[in-house]
file input.tsv (TSV, C-alpha atoms)
chain	number	residue	atom	x	y	z
A	1	MET	CA	20.70	-35.08	-38.86
A	2	ASN	CA	19.23	-32.24	-40.92
A	3	ALA	CA	21.03	-29.14	-42.15
A	4	ALA	CA	19.95	-27.00	-39.19
A	5	GLU	CA	21.22	-29.53	-36.63
A	6	PHE	CA	24.48	-29.89	-38.55
A	7	THR	CA	24.99	-26.10	-38.53
A	8	ASP	CA	24.20	-25.82	-34.82
A	9	ASN	CA	26.63	-28.61	-33.94
A	10	VAL	CA	29.41	-27.11	-36.05
A	11	ARG	CA	28.94	-23.73	-34.39
A	12	ARG	CA	28.91	-25.34	-30.96
A	13	LEU	CA	32.06	-27.35	-31.58
A	14	SER	CA	33.83	-24.36	-33.16
A	15	ARG	CA	33.62	-22.18	-30.08
A	16	PRO	CA	37.08	-21.56	-28.59
A	17	ALA	CA	35.69	-21.65	-25.06
A	18	TYR	CA	34.10	-25.09	-25.56
A	19	ILE	CA	35.85	-28.22	-24.23
A	20	ASN	CA	35.01	-31.33	-26.30
A	21	THR	CA	33.79	-34.51	-24.69
A	22	HIS	CA	34.52	-38.04	-25.92
A	23	LYS	CA	31.18	-38.05	-27.72
A	24	ASP	CA	32.03	-34.74	-29.38
A	25	LYS	CA	35.36	-36.13	-30.59
A	26	ARG	CA	33.58	-38.92	-32.42
A	27	LEU	CA	31.18	-36.38	-33.86
A	28	VAL	CA	34.07	-34.19	-35.04
A	29	LYS	CA	35.52	-37.12	-37.00
A	30	LYS	CA	32.19	-37.61	-38.78
A	31	PHE	CA	31.91	-33.91	-39.53
A	32	SER	CA	35.45	-33.78	-40.90
A	33	HIS	CA	34.66	-36.67	-43.25
A	34	VAL	CA	31.50	-34.95	-44.45
A	35	ILE	CA	33.36	-31.69	-45.06
A	36	CYS	CA	36.15	-33.44	-46.99
A	37	VAL	CA	33.65	-35.26	-49.23
A	38	TYR	CA	31.61	-32.10	-49.80
A	39	LEU	CA	34.65	-30.00	-50.75
A	40	ARG	CA	35.89	-32.67	-53.16
A	41	ARG	CA	32.52	-32.87	-54.89
A	42	ALA	CA	32.31	-29.08	-55.01
A	43	ALA	CA	35.68	-28.93	-56.78
A	44	GLU	CA	34.61	-31.59	-59.28
A	45	ARG	CA	31.36	-29.74	-59.96
A	46	LEU	CA	33.25	-26.50	-60.48
A	47	ILE	CA	35.55	-28.13	-63.01
A	48	GLY	CA	32.68	-29.88	-64.78
A	49	PHE	CA	30.63	-26.69	-65.01
A	50	TYR	CA	33.37	-24.88	-66.99
A	51	PRO	CA	34.98	-27.62	-69.14
A	52	SER	CA	36.24	-25.10	-71.72
A	53	SER	CA	37.76	-22.65	-69.23
A	54	PRO	CA	41.42	-22.51	-68.08
A	55	VAL	CA	42.06	-24.41	-64.85
A	56	LEU	CA	44.86	-24.18	-62.29
A	57	TYR	CA	45.35	-27.05	-59.87
A	58	ALA	CA	47.84	-26.89	-57.00
A	59	TYR	CA	48.71	-29.91	-54.86
A	60	LEU	CA	50.63	-29.50	-51.60
A	61	SER	CA	51.78	-32.22	-49.23
A	62	ASP	CA	54.24	-32.55	-46.38
A	63	GLY	CA	54.99	-35.18	-43.79
A	64	TRP	CA	54.64	-34.77	-40.06
A	65	GLY	CA	54.61	-37.01	-37.03
A	66	CYS	CA	53.00	-37.17	-33.62
A	67	TYR	CA	52.63	-39.50	-30.69
A	68	VAL	CA	49.52	-41.67	-30.82
A	69	GLU	CA	48.06	-43.16	-27.66
A	70	GLU	CA	47.09	-46.83	-27.87
A	71	THR	CA	45.11	-48.99	-25.45
A	72	PHE	CA	45.17	-52.79	-25.59
A	73	ILE	CA	42.60	-54.85	-23.69
A	74	ASP	CA	42.62	-58.65	-23.72
A	75	PRO	CA	39.06	-59.92	-23.02
A	76	SER	CA	40.30	-63.33	-21.93
A	77	CYS	CA	42.05	-61.86	-18.90
A	78	VAL	CA	42.23	-58.58	-17.05
A	79	VAL	CA	45.18	-56.98	-18.85
A	80	VAL	CA	45.19	-53.35	-19.90
A	81	ARG	CA	48.18	-51.77	-21.60
A	82	LYS	CA	48.47	-48.11	-22.40
A	83	GLY	CA	51.35	-46.63	-24.35
A	84	ARG	CA	52.43	-44.17	-26.99
A	85	SER	CA	53.91	-44.80	-30.40
A	86	ARG	CA	55.33	-42.42	-32.97
A	87	ALA	CA	53.17	-42.25	-36.09
A	88	GLU	CA	54.04	-40.55	-39.38
A	89	PHE	CA	51.39	-38.89	-41.54
A	90	LEU	CA	51.17	-37.05	-44.85
A	91	LEU	CA	49.13	-33.85	-44.81
A	92	GLU	CA	47.61	-33.05	-48.22
A	93	ARG	CA	45.80	-30.02	-49.59
A	94	GLY	CA	44.55	-29.07	-53.04
A	95	ILE	CA	43.46	-25.78	-54.60
A	96	VAL	CA	41.47	-25.47	-57.83
A	97	LYS	CA	41.01	-22.17	-59.65
A	98	VAL	CA	38.79	-21.83	-62.72
A	99	LEU	CA	38.21	-18.83	-64.98
A	100	ASP	CA	34.46	-18.56	-65.57
A	101	ASP	CA	32.60	-17.04	-68.52
A	102	ASN	CA	32.86	-13.55	-67.00
A	103	ASP	CA	36.64	-13.85	-66.54
A	104	ASP	CA	36.19	-14.08	-62.78
A	105	VAL	CA	38.31	-16.53	-60.81
A	106	ARG	CA	36.37	-19.19	-58.95
A	107	MET	CA	38.22	-21.24	-56.36
A	108	ALA	CA	37.64	-24.49	-54.51
A	109	MET	CA	39.63	-26.09	-51.71
A	110	ILE	CA	40.19	-29.84	-51.47
A	111	LEU	CA	40.89	-31.41	-48.07
A	112	SER	CA	41.57	-34.94	-46.97
A	113	HIS	CA	42.28	-36.81	-43.77
A	114	PRO	CA	45.94	-37.24	-42.79
A	115	ARG	CA	47.34	-40.20	-44.70
A	116	GLY	CA	49.32	-42.79	-42.75
A	117	MET	CA	52.87	-43.48	-43.94
A	118	THR	CA	53.23	-47.01	-42.58
A	119	LEU	CA	54.04	-48.38	-46.07
A	120	GLY	CA	56.97	-46.04	-46.55
A	121	LYS	CA	58.10	-42.42	-46.65
A	122	LYS	CA	59.95	-42.38	-49.96
A	123	ALA	CA	59.24	-40.23	-53.00
A	124	TRP	CA	57.28	-43.04	-54.66
A	125	ASN	CA	54.94	-43.25	-51.65
A	126	VAL	CA	54.35	-39.49	-51.80
A	127	PHE	CA	53.74	-39.69	-55.56
A	128	THR	CA	51.17	-42.49	-55.22
A	129	ALA	CA	49.43	-40.40	-52.54
A	130	ALA	CA	49.25	-37.47	-54.98
A	131	CYS	CA	47.72	-39.73	-57.64
A	132	ASP	CA	45.13	-41.01	-55.18
A	133	PHE	CA	44.34	-37.54	-53.81
A	134	PHE	CA	42.77	-36.08	-56.99
A	135	PRO	CA	42.56	-37.35	-60.60
A	136	LEU	CA	44.11	-35.70	-63.63
A	137	LEU	CA	42.09	-32.73	-64.81
A	138	ARG	CA	41.82	-34.15	-68.34
A	139	THR	CA	39.98	-37.18	-66.96
A	140	LEU	CA	37.36	-34.78	-65.54
A	141	GLY	CA	36.61	-33.37	-68.98
A	142	VAL	CA	38.79	-30.25	-69.00
A	143	GLU	CA	39.61	-29.33	-72.61
A	144	SER	CA	41.17	-25.90	-72.15
A	145	PHE	CA	44.52	-24.69	-70.83
A	146	VAL	CA	45.64	-26.51	-67.67
A	147	ILE	CA	48.37	-25.65	-65.16
A	148	ASN	CA	49.38	-28.26	-62.57
A	149	ILE	CA	51.51	-27.09	-59.64
A	150	VAL	CA	53.01	-29.54	-57.15
A	151	VAL	CA	54.63	-28.07	-54.02
A	152	GLN	CA	57.04	-30.40	-52.23
A	153	ASP	CA	59.87	-30.47	-49.76
A	154	GLY	CA	63.27	-29.89	-51.38
A	155	LEU	CA	64.24	-33.50	-50.73
A	156	PHE	CA	61.44	-34.76	-52.99
A	157	VAL	CA	61.47	-32.10	-55.73
A	158	ALA	CA	63.69	-33.99	-58.20
A	159	PRO	CA	62.10	-37.48	-57.93
A	160	ILE	CA	58.54	-36.16	-57.68
A	161	SER	CA	59.17	-33.97	-60.74
A	162	ARG	CA	60.26	-37.01	-62.75
A	163	HIS	CA	57.25	-39.07	-61.65
A	164	VAL	CA	54.68	-36.31	-62.27
A	165	HIS	CA	56.04	-35.43	-65.73
A	166	ALA	CA	56.13	-39.12	-66.62
A	167	LEU	CA	52.51	-39.51	-65.51
A	168	HIS	CA	51.32	-36.71	-67.78
A	169	THR	CA	53.44	-37.98	-70.67
A	170	LEU	CA	52.00	-41.47	-70.23
A	171	TYR	CA	48.46	-40.11	-70.30
A	172	TYR	CA	48.93	-38.61	-73.78
A	173	MET	CA	50.68	-41.63	-75.27
A	174	ARG	CA	48.96	-43.52	-78.07
A	175	ASP	CA	49.38	-46.99	-79.47
A	176	GLU	CA	51.62	-47.47	-82.47
A	177	ASP	CA	48.61	-47.62	-84.77
A	178	GLY	CA	46.83	-44.77	-83.05
A	179	ASP	CA	46.36	-41.49	-84.88
A	180	VAL	CA	47.26	-38.23	-83.13
A	181	ASP	CA	44.85	-35.56	-84.25
A	182	GLU	CA	45.18	-31.81	-83.84
A	183	LYS	CA	42.98	-31.72	-80.71
A	184	HIS	CA	45.15	-34.32	-78.99
A	185	TYR	CA	48.29	-32.40	-79.88
A	186	THR	CA	46.79	-29.14	-78.60
A	187	MET	CA	45.62	-30.65	-75.31
A	188	LYS	CA	49.01	-32.24	-74.71
A	189	ASN	CA	50.92	-28.99	-75.22
A	190	SER	CA	48.44	-26.94	-73.17
A	191	ASP	CA	48.81	-29.18	-70.10
A	192	LEU	CA	51.68	-27.68	-68.11
A	193	VAL	CA	53.29	-29.20	-65.02
A	194	PHE	CA	55.44	-27.35	-62.47
A	195	VAL	CA	57.03	-28.92	-59.40
A	196	VAL	CA	57.96	-26.20	-56.91
A	197	LYS	CA	60.22	-26.38	-53.87
A	198	CYS	CA	58.73	-25.18	-50.59
A	199	ILE	CA	60.77	-22.18	-49.44
A	200	SER	CA	59.58	-22.47	-45.83
A	201	HIS	CA	61.86	-25.45	-45.29
A	202	SER	CA	64.82	-23.53	-46.68
A	203	ILE	CA	64.10	-20.52	-44.48
A	204	CYS	CA	63.80	-22.71	-41.36
A	205	ASN	CA	67.06	-24.46	-42.16
A	206	ALA	CA	68.76	-21.10	-42.77
A	207	CYS	CA	67.59	-19.83	-39.37
A	208	LYS	CA	68.72	-23.06	-37.70
A	209	TRP	CA	72.23	-23.00	-39.14
A	210	GLY	CA	72.56	-19.22	-38.87
A	211	LEU	CA	71.95	-19.40	-35.12
A	212	ALA	CA	74.22	-22.41	-34.60
A	213	ASP	CA	77.13	-20.28	-33.34
A	214	LEU	CA	74.90	-18.22	-31.01
A	215	VAL	CA	72.83	-20.85	-29.26
A	216	SER	CA	73.56	-24.27	-27.84
A	217	GLU	CA	71.54	-27.43	-27.85
A	218	ARG	CA	70.76	-26.90	-24.18
A	219	ILE	CA	69.24	-23.45	-24.84
A	220	VAL	CA	67.01	-24.89	-27.56
A	221	ASP	CA	65.96	-27.76	-25.30
A	222	ASP	CA	65.23	-25.38	-22.41
A	223	SER	CA	63.11	-23.16	-24.69
A	224	TYR	CA	61.19	-26.19	-25.87
A	225	ILE	CA	60.57	-27.40	-22.32
A	226	VAL	CA	59.36	-23.97	-21.20
A	227	MET	CA	56.97	-23.50	-24.12
A	228	GLU	CA	55.56	-27.01	-23.91
A	229	SER	CA	55.07	-26.60	-20.17
A	230	LEU	CA	53.08	-23.44	-20.78
A	231	ARG	CA	51.06	-25.17	-23.50
A	232	GLY	CA	50.40	-28.11	-21.21
A	233	GLY	CA	49.26	-25.87	-18.36
A	234	SER	CA	47.09	-23.68	-20.57
A	235	THR	CA	44.22	-26.17	-20.36
A	236	PHE	CA	43.88	-25.49	-16.65
A	237	LEU	CA	43.94	-21.73	-17.24
A	238	LEU	CA	41.30	-21.93	-19.95
A	239	GLN	CA	38.92	-23.58	-17.50
A	240	HIS	CA	38.93	-20.38	-15.43
A	241	VAL	CA	38.26	-17.90	-18.24
A	242	ALA	CA	34.57	-17.68	-17.33
A	243	GLN	CA	35.40	-16.97	-13.67
A	244	PHE	CA	37.95	-14.39	-14.77
A	245	LEU	CA	35.43	-12.54	-16.97
A	246	GLN	CA	32.74	-12.57	-14.31
A	247	ALA	CA	35.08	-10.66	-12.01
A	248	SER	CA	36.60	-8.21	-14.49
A	249	LEU	CA	34.31	-7.67	-17.51
A	250	ALA	CA	32.86	-4.16	-17.71
A	251	PHE	CA	31.61	-1.64	-20.29
A	252	GLY	CA	33.32	1.62	-21.11
A	253	PRO	CA	33.57	4.08	-24.01
A	254	CYS	CA	36.63	4.24	-26.27
A	255	THR	CA	38.06	7.47	-27.67
A	256	GLU	CA	39.97	5.97	-30.63
A	257	THR	CA	38.66	6.17	-34.17
A	258	GLU	CA	37.50	3.07	-35.98
A	259	GLU	CA	40.45	3.27	-38.34
A	260	ASP	CA	42.92	3.42	-35.46
A	261	ILE	CA	41.24	0.48	-33.74
A	262	VAL	CA	41.49	-1.68	-36.87
A	263	ARG	CA	45.14	-0.79	-37.40
A	264	PHE	CA	45.91	-1.46	-33.74
A	265	TRP	CA	44.57	-5.03	-33.83
A	266	GLU	CA	46.15	-5.65	-37.23
A	267	PHE	CA	49.49	-4.64	-35.77
A	268	LEU	CA	49.06	-7.14	-32.92
A	269	GLY	CA	48.57	-9.96	-35.41
A	270	VAL	CA	44.85	-10.64	-34.98
A	271	PRO	CA	43.80	-12.88	-37.91
A	272	ILE	CA	41.22	-11.73	-40.42
A	273	ASP	CA	38.57	-14.19	-39.18
A	274	LEU	CA	38.72	-12.63	-35.68
A	275	MET	CA	39.33	-9.02	-36.73
A	276	ASP	CA	35.63	-8.03	-36.79
A	277	LEU	CA	35.16	-9.50	-33.31
A	278	PHE	CA	38.11	-7.62	-31.80
A	279	VAL	CA	37.01	-4.37	-33.45
A	280	GLU	CA	33.45	-4.88	-32.21
A	281	LEU	CA	34.57	-5.39	-28.62
A	282	HIS	CA	37.87	-3.47	-28.59
A	283	PRO	CA	38.87	-5.10	-25.26
A	284	ARG	CA	41.40	-3.22	-23.09
A	285	PHE	CA	42.29	-3.22	-19.43
A	286	VAL	CA	41.76	-0.11	-17.31
A	287	GLY	CA	42.69	-0.68	-13.71
A	288	ASN	CA	41.38	-4.12	-12.82
A	289	GLN	CA	38.58	-4.18	-15.37
A	290	LEU	CA	38.46	-5.55	-18.90
A	291	LEU	CA	36.48	-2.89	-20.76
A	292	VAL	CA	34.49	-3.51	-23.93
A	293	ARG	CA	32.24	-1.19	-25.91
A	294	PRO	CA	29.03	-0.05	-24.16
A	295	THR	CA	26.95	-1.05	-27.20
A	296	LEU	CA	27.45	-4.69	-26.21
A	297	GLU	CA	25.77	-4.32	-22.83
A	298	GLY	CA	22.51	-5.75	-24.16
A	299	ASP	CA	24.13	-8.40	-26.36
A	300	VAL	CA	23.38	-11.91	-25.12
A	301	ASP	CA	26.57	-13.17	-26.79
A	302	CYS	CA	28.82	-10.55	-25.21
A	303	PHE	CA	30.26	-12.93	-22.63
A	304	GLU	CA	31.11	-15.55	-25.24
A	305	LYS	CA	32.66	-12.95	-27.56
A	306	ALA	CA	34.85	-11.62	-24.76
A	307	SER	CA	35.84	-15.17	-23.89
A	308	THR	CA	36.97	-15.74	-27.47
A	309	CYS	CA	39.18	-12.66	-27.39
A	310	VAL	CA	40.75	-13.61	-24.06
A	311	MET	CA	41.44	-17.17	-25.17
A	312	PHE	CA	43.09	-15.92	-28.36
A	313	ALA	CA	45.37	-13.74	-26.24
A	314	MET	CA	46.30	-16.81	-24.16
A	315	ARG	CA	47.49	-18.89	-27.09
A	316	TRP	CA	51.00	-20.35	-27.11
A	317	LEU	CA	52.99	-21.16	-30.23
A	318	ARG	CA	54.51	-24.58	-30.61
A	319	CYS	CA	58.25	-24.43	-30.06
A	320	THR	CA	60.57	-25.52	-32.86
A	321	GLU	CA	64.23	-24.90	-33.52
A	322	THR	CA	63.39	-21.78	-35.52
A	323	ARG	CA	59.96	-20.55	-34.44
A	324	TRP	CA	61.07	-19.56	-30.95
A	325	ALA	CA	63.23	-16.88	-32.63
A	326	ARG	CA	60.25	-15.13	-34.33
A	327	LYS	CA	60.73	-11.71	-32.78
A	328	GLY	CA	57.77	-10.08	-34.53
A	329	VAL	CA	55.20	-12.63	-33.42
A	330	SER	CA	56.69	-12.79	-29.94
A	331	ALA	CA	56.57	-9.01	-29.54
A	332	ARG	CA	52.94	-8.78	-30.68
A	333	ALA	CA	51.98	-11.65	-28.40
A	334	PHE	CA	53.72	-9.82	-25.54
A	335	PHE	CA	51.30	-6.91	-25.90
A	336	LEU	CA	48.32	-9.25	-26.17
A	337	GLU	CA	49.17	-11.13	-22.96
A	338	PRO	CA	48.04	-8.34	-20.61
A	339	ILE	CA	44.49	-8.81	-21.93
A	340	ALA	CA	44.54	-12.36	-20.62
A	341	ARG	CA	46.48	-11.65	-17.44
A	342	GLY	CA	44.54	-8.57	-16.37
A	343	ARG	CA	47.32	-6.03	-16.66
A	344	ARG	CA	47.93	-3.15	-18.98
A	345	ALA	CA	50.75	-3.27	-21.50
A	346	SER	CA	52.37	-0.28	-19.86
A	347	GLN	CA	52.52	-2.17	-16.55
A	348	ALA	CA	53.98	-5.22	-18.28
A	349	LEU	CA	56.81	-3.13	-19.71
A	350	ARG	CA	57.92	-1.85	-16.32
call {"tool": "encode", "arguments": {"input": "input.tsv", "output": "structure tokens"}}
result
Amino acid sequence: MNAAEFTDNVRRLSRPAYINTHKDKRLVKKFSHVICVYLRRAAERLIGFYPSSPVLYAYLSDGWGCYVEETFIDPSCVVVRKGRSRAEFLLERGIVKVLDDNDDVRMAMILSHPRGMTLGKKAWNVFTAACDFFPLLRTLGVESFVINIVVQDGLFVAPISRHVHALHTLYYMRDEDGDVDEKHYTMKNSDLVFVVKCISHSICNACKWGLADLVSERIVDDSYIVMESLRGGSTFLLQHVAQFLQASLAFGPCTETEEDIVRFWEFLGVPIDLMDLFVELHPRFVGNQLLVRPTLEGDVDCFEKASTCVMFAMRWLRCTETRWARKGVSARAFFLEPIARGRRASQALR
């Protein structure tokens, strides 16, 4: 597969309106591996290109679990078993920032596949995963000032901090007969390590315990069932987006200024990667029609762009014990829903 075919396949698989087949799922796994390897090599090249420049490396990891479907087929007899098992994974990310010769910050992102936690979920297992994720910056030839930041769950902060500091101390140790020159002393004292506690966990726990006197376990379970039911049924709704647009998509002028349009979609929580698309279309319902800008009437990709906007408005957040109480996100999503349902926000408020 050449570069052009790779780009076309990535664009095809990245479309929100596209439903992957079993063949596409295997292709996505290959693409994800290629992207992970490419990003890792890009980070190593960036570090090697500026060996005398200050480097900041941040490592983040957190555990999560999901149900994995398994199928067992015995070829000696006609026996097929299908079931689900709970699997635990460790999600890891790395960020490298380097100060180049022009004092500009260059950044690289390091990704990896979810790491299975079948051998254990203790602090030592998380530490060994961090060692395997990316090597020490000194081993890559960095001679300047280095800052290492490790972000962990509060449960692992203390043990991970001991392990990481011990690792860096062990790296700069010398034999009894070894001489410690000035360069070695300087590199040791310019290699800083910080282990930081993730505040998101603390905030979620604070919300959970703060609402303990106001909600019951049944209310939380009912909220979870409702949201998961909507998420489960959304697949059926997404299959009818094309039919929905064929019946309601139209072109009409807008009287708002460009600045007001941008602020409007920013207020509704449209992410930066979709902001240009929403501003370009500025979709809104008038009567029973979903109006977009008249300049898109001759655009061959207009239908797909409108489909992307509608499918974004139909998204459902995963329900947790704290996320269902996010009033800001819920309110913004409430005003986005009429775009997907074919009603104006003013009608939805009545």
call {"tool": "atom_distance", "arguments": {"input": "input.tsv", "atom1": "atom CA of His33 of chain A", "atom2": "atom CA of Val10 of chain A"}}
result
13.1 Å
call {"tool": "atom_distance", "arguments": {"input": "input.tsv", "atom1": "atom CA of Gln243 of chain A", "atom2": "atom CA of Met314 of chain A"}}
result
15.1 Å
call {"tool": "atom_distance", "arguments": {"input": "input.tsv", "atom1": "atom CA of Leu291 of chain A", "atom2": "atom CA of Cys254 of chain A"}}
result
9.0 Å
call {"tool": "closest_atom_pairs", "arguments": {"input": "input.tsv", "of": "segment 20-47 of chain A", "to": "segment 141-148 of chain A", "cutoff": "12 Å", "atoms": "only C-alpha atoms", "output": "tab-separated table"}}
result
residue	atom	partner	partner_atom	distance
A:Glu44	CA	A:Gly141	CA	10.1
A:Arg45	CA	A:Gly141	CA	11.0
A:Leu46	CA	A:Val142	CA	10.8
A:Ile47	CA	A:Val142	CA	7.1
call {"tool": "residues_around", "arguments": {"input": "input.tsv", "residues": "Leu27 of chain A", "least_positions_apart": "3", "cutoff": "12 Å", "atoms": "all atoms listed in the file", "output": "PyMOL selection string"}}
result
chain A and resi 1+6+9-10+12-13+20-24+30-34
call {"tool": "write_last_selection", "arguments": {"input": "input.tsv", "atoms": "C-alpha atoms", "output": "CSV table (one decimal), in the frame of the given file"}}
result
chain,number,residue,atom,x,y,z
A,1,MET,CA,20.7,-35.1,-38.9
A,6,PHE,CA,24.5,-29.9,-38.6
A,9,ASN,CA,26.6,-28.6,-33.9
A,10,VAL,CA,29.4,-27.1,-36.0
A,12,ARG,CA,28.9,-25.3,-31.0
A,13,LEU,CA,32.1,-27.4,-31.6
A,20,ASN,CA,35.0,-31.3,-26.3
A,21,THR,CA,33.8,-34.5,-24.7
A,22,HIS,CA,34.5,-38.0,-25.9
A,23,LYS,CA,31.2,-38.0,-27.7
A,24,ASP,CA,32.0,-34.7,-29.4
A,30,LYS,CA,32.2,-37.6,-38.8
A,31,PHE,CA,31.9,-33.9,-39.5
A,32,SER,CA,35.4,-33.8,-40.9
A,33,HIS,CA,34.7,-36.7,-43.2
A,34,VAL,CA,31.5,-35.0,-44.4
call {"tool": "closest_residue", "arguments": {"input": "input.tsv", "among": "A:Val310, A:Ala43, A:Gly48, A:Phe127", "to": "Leu238 of chain A", "atoms": "only C-alpha atoms"}}
result
A:Val310
call {"tool": "closest_residue", "arguments": {"input": "input.tsv", "among": "A:Val55, A:Leu155, A:Leu245, A:Val292", "to": "Leu140 of chain A", "atoms": "all atoms listed in the file"}}
result
A:Val55
call {"tool": "closest_residue", "arguments": {"input": "input.tsv", "among": "A:Ile272, A:Leu91, A:Ala4, A:Ala123", "to": "Ile160 of chain A", "atoms": "all atoms listed in the file"}}
result
A:Ala123
call {"tool": "build_atoms", "arguments": {"input": "input.tsv", "residues": "segment 266-277 of chain A", "atoms": "N, CA and C atoms", "output": "compact mmCIF listing (two decimals), keeping the file's coordinate frame"}}
result
# COMPACT_ATOMS: atom_id res chain seq x y z
N GLU A 266 45.35 -5.09 -36.14
CA GLU A 266 46.15 -5.65 -37.23
C GLU A 266 47.62 -5.72 -36.86
N PHE A 267 48.09 -4.68 -36.19
CA PHE A 267 49.49 -4.64 -35.77
C PHE A 267 49.81 -5.75 -34.77
N LEU A 268 48.85 -6.11 -33.92
CA LEU A 268 49.06 -7.14 -32.92
C LEU A 268 48.87 -8.55 -33.48
N GLY A 269 48.63 -8.65 -34.78
CA GLY A 269 48.57 -9.96 -35.41
C GLY A 269 47.25 -10.69 -35.27
N VAL A 270 46.16 -9.99 -35.04
CA VAL A 270 44.85 -10.64 -34.98
C VAL A 270 44.47 -11.11 -36.38
N PRO A 271 44.12 -12.38 -36.58
CA PRO A 271 43.80 -12.88 -37.91
C PRO A 271 42.52 -12.27 -38.45
N ILE A 272 42.35 -12.38 -39.76
CA ILE A 272 41.22 -11.73 -40.42
C ILE A 272 39.88 -12.30 -39.97
N ASP A 273 39.84 -13.60 -39.60
CA ASP A 273 38.57 -14.19 -39.18
C ASP A 273 38.14 -13.74 -37.78
N LEU A 274 39.07 -13.16 -37.01
CA LEU A 274 38.72 -12.63 -35.68
C LEU A 274 38.78 -11.11 -35.63
N MET A 275 39.15 -10.47 -36.74
CA MET A 275 39.33 -9.02 -36.73
C MET A 275 38.02 -8.30 -36.40
N ASP A 276 36.92 -8.70 -37.04
CA ASP A 276 35.63 -8.03 -36.79
C ASP A 276 35.23 -8.16 -35.32
N LEU A 277 35.52 -9.30 -34.72
CA LEU A 277 35.16 -9.50 -33.31
C LEU A 277 35.97 -8.60 -32.40
